[in-house]
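K.L.:
To start, I am sharing the structure in question, which I have written as structure tokens.
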Amino acid sequence: MKTALLFSGQGAQSVGMAKSLFDNYDSVKDLFNRADDTLGFKLSQICFEGPMAELTKTSVCQPALYLHGIAVVQVMKERGMLDSIDAVLGLSLGELTAHAVAGTYTFETGLKIVAERGRLMQEACDATKGAMASLIGGTEESVLPYCKEFDIDMSNLNCPGQIVISGDAENIAKAVAVAKERKDFKMVVPLKVAGAYHSRLMKPARDAFEKFLEPIDFAEPTIPVFTNVSGEQVKNPQEIKDNLVKQVVSTVRWEDCVNNASKLGIEQFYECGPGGVLAGMMKRINRDASIKSLAETRDFE
């Protein structure tokens, strides 16, 4: 059976995440201990005990989600669920988790990359006043005019009928108000986020992240990985690095990633990590796809 692993992005975190895996698997304990040592702070304690305000910080939740995703994969391997992995893909931050699983870099190197990415994005959030909103029932063609009219960016093409806009908070507020007035979409939902992710407001983070990644060696992935920037498979290490930099300010083409991975003949998708959001998106992209979410010990029963 051909299998693909999916990794979630920011927003899926919750206090207590991965605690049951930590309690039941020594290999997961080892991962958390290595993460605490690598980062120089008790990420494990924040994951398990919070507070939620601390866990939600971009600089904390990104390494937390990365760690949880890797922990789920470790448990799957121990339980004999992964004779082979035929594709890995992740939404936003999850793309970096996918590359760790594919061998583009080691667990510790990936953790350092994710932590720095989160720190830089947190700085960009603090330096700007950004916002995001979800336009339910829209298409790329119907959302583009709003982006031009209100000088904002299209940050996520998640699944059919779900597109996210991102940018200056005042401009997003205007776009939301006008969209509701015109009734161009089924629903318009402002999102509770710290800033304007995947928009031009993240440019300072992108530039600094590019410099940070420059001296780090990337390997060619041993498993097909799909980039959010284009939705296509990427193999060349330098191209991977370039796309991870671009991704910070680019539209996340998640629907394209899933569709292109499906062309490999994937029969079973597993969402590795908390939230269950990707499983919901999958059902909108391909309702016939077999998808299971795995986050805690109970999910393996």
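In the structure tokens, each chain is lettered A, B, ... as it comes, each chain's residues begin at 1, and ligands are numbered from 1 in order of appearance.
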Pick out the residues sitting within 12 Å of Ala18 (chain A), and hand them over as JSON, numbers by chain; count only C-alpha atoms, and ignore anything fewer than 6 positions along from it in its own chain.

P.N.:
{"A": [24, 25, 28, 29, 31, 32, 43, 44, 45, 46, 47, 48, 49, 64, 65, 66, 67, 68, 69, 70, 71, 72, 73, 75, 272, 273, 274, 275, 294, 295, 296, 297, 298, 299]}

K.L.:
Mind checking which residues fall within 12 Å of Met81 (chain A), counting only C-alpha atoms, ignoring those fewer than 5 positions away in the same chain, and posting them as a CSV table (one decimal) with C-alpha atoms, in the first residue's frame?

P.N.:
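Final file, around.csv:
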```csv
chain,number,residue,atom,x,y,z
A,1,MET,CA,0.0,0.0,0.0
A,2,LYS,CA,1.4,3.4,-1.0
A,3,THR,CA,1.5,5.8,2.0
A,4,ALA,CA,1.9,9.5,2.3
A,5,LEU,CA,2.5,11.5,5.5
A,72,VAL,CA,4.1,10.5,15.5
A,73,VAL,CA,6.3,9.1,12.7
A,74,GLN,CA,8.6,7.4,15.2
A,75,VAL,CA,5.6,5.7,16.9
A,76,MET,CA,4.3,4.6,13.5
A,268,GLN,CA,-3.4,5.9,2.4
A,269,PHE,CA,-2.7,9.4,3.9
A,270,TYR,CA,-1.8,9.9,7.5
A,294,LEU,CA,-2.7,10.5,14.4
A,300,PHE,CA,-3.3,4.2,17.3
```

K.L.:
Region 51-113 of chain A near region 240-247 of chain A within 12 Å: what's each residue's closest atom pair and its distance in Å to one decimal, counting only C-alpha atoms, ordered by chain then ascending residue number, as a Markdown table?

P.N.:
```
| residue | atom | partner | partner_atom | distance |
| --- | --- | --- | --- | --- |
| A:Gly90 | CA | A:Leu244 | CA | 11.7 |
| A:Leu91 | CA | A:Gln247 | CA | 10.3 |
| A:Ser92 | CA | A:Gln247 | CA | 7.4 |
| A:Leu93 | CA | A:Gln247 | CA | 9.4 |
| A:Gly94 | CA | A:Leu244 | CA | 11.0 |
| A:Glu95 | CA | A:Leu244 | CA | 8.2 |
| A:Leu96 | CA | A:Leu244 | CA | 7.8 |
| A:Thr97 | CA | A:Leu244 | CA | 11.6 |
| A:Ala98 | CA | A:Ile240 | CA | 11.7 |
| A:His99 | CA | A:Ile240 | CA | 9.1 |
| A:Thr104 | CA | A:Ile240 | CA | 8.9 |
| A:Tyr105 | CA | A:Lys241 | CA | 11.1 |
| A:Ile113 | CA | A:Leu244 | CA | 10.5 |
```

K.L.:
Please dump the current selection as a PDB file, in the first residue's frame; keep C-alpha atoms.

P.N.:
```
ATOM      1  CA  GLY A  90       3.336  19.639   4.980  1.00  0.00           C
ATOM      2  CA  LEU A  91       1.332  22.831   5.237  1.00  0.00           C
ATOM      3  CA  SER A  92       3.555  25.871   5.806  1.00  0.00           C
ATOM      4  CA  LEU A  93       5.701  24.919   8.837  1.00  0.00           C
ATOM      5  CA  GLY A  94       4.781  21.289   8.128  1.00  0.00           C
ATOM      6  CA  GLU A  95       6.846  21.370   4.945  1.00  0.00           C
ATOM      7  CA  LEU A  96       9.974  21.647   7.087  1.00  0.00           C
ATOM      8  CA  THR A  97       8.862  18.643   9.141  1.00  0.00           C
ATOM      9  CA  ALA A  98       8.363  16.707   5.906  1.00  0.00           C
ATOM     10  CA  HIS A  99      11.947  17.426   4.875  1.00  0.00           C
ATOM     11  CA  THR A 104      16.959  16.523   3.717  1.00  0.00           C
ATOM     12  CA  TYR A 105      18.520  17.322   7.110  1.00  0.00           C
ATOM     13  CA  ILE A 113      15.969  25.717  11.348  1.00  0.00           C
TER      14      ILE A 113
END
```

K.L.:
Considering only C-alpha atoms, return as an MDAnalysis selection string whatever protein or nucleic-acid residues lie within 7 Å of Ser134 (chain A), sequence-local ones (same chain, fewer than 6 positions apart) excluded.

P.N.:
chainID A and resid 162:165 188:191

K.L.:
Would you save the residues of that selection, restricted to C-alpha atoms, as a PDB file, in the first residue's frame?

P.N.:
```pdb
ATOM      1  CA  GLN A 162     -11.218  27.827   1.229  1.00  0.00           C
ATOM      2  CA  ILE A 163      -8.780  30.643   0.465  1.00  0.00           C
ATOM      3  CA  VAL A 164      -6.961  32.822   3.006  1.00  0.00           C
ATOM      4  CA  ILE A 165      -5.950  36.467   2.540  1.00  0.00           C
ATOM      5  CA  VAL A 188     -15.866  35.557   5.510  1.00  0.00           C
ATOM      6  CA  VAL A 189     -14.001  34.679   8.699  1.00  0.00           C
ATOM      7  CA  PRO A 190     -11.293  36.886  10.292  1.00  0.00           C
ATOM      8  CA  LEU A 191      -8.597  34.615  11.751  1.00  0.00           C
TER       9      LEU A 191
END
```

K.L.:
Which polymer residues have any atom within 6 Å of an atom of His198 (chain A), counting only C-alpha atoms, with same-chain residues fewer than 4 positions away left out, as a ChimeraX atom specification?

P.N.:
/A:155,248-250

K.L.:
Name all residues at most 12 Å from Val258 (chain A) (count only C-alpha atoms; drop same-chain ones fewer than 3 positions away) and give them as a ChimeraX atom specification.

P.N.:
/A:4-7,87-91,157-160,225-228,230-233,252-255,261-266,269,278-279,281-286,289,291

K.L.:
Could you give me, as a PyMOL selection string, each residue of region 33-230 of chain A that DSSP assigns to helix (DSSP H, G or I) when run on this structure's backbone?

P.N.:
chain A and resi 33-39+43-49+52-55+58-78+93-101+107-127+140-150+169-182+200-213

K.L.:
By how many Å are CA of Leu39 (chain A) and CA of Thr106 (chain A) apart?

P.N.:
14.4 Å

K.L.:
Closest to Leu201 (chain A) among A:Thr251, A:Thr128, A:Asn259, A:Ser142, using only C-alpha atoms?

P.N.:
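For Leu201 (chain A), the nearest of the candidates is A:Thr128.
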
K.L.:
Which one is closest to Met121 (chain A): A:Ser199, A:Asn33, A:Ser84, A:Thr139? Count only C-alpha atoms.

P.N.:
A:Ser199
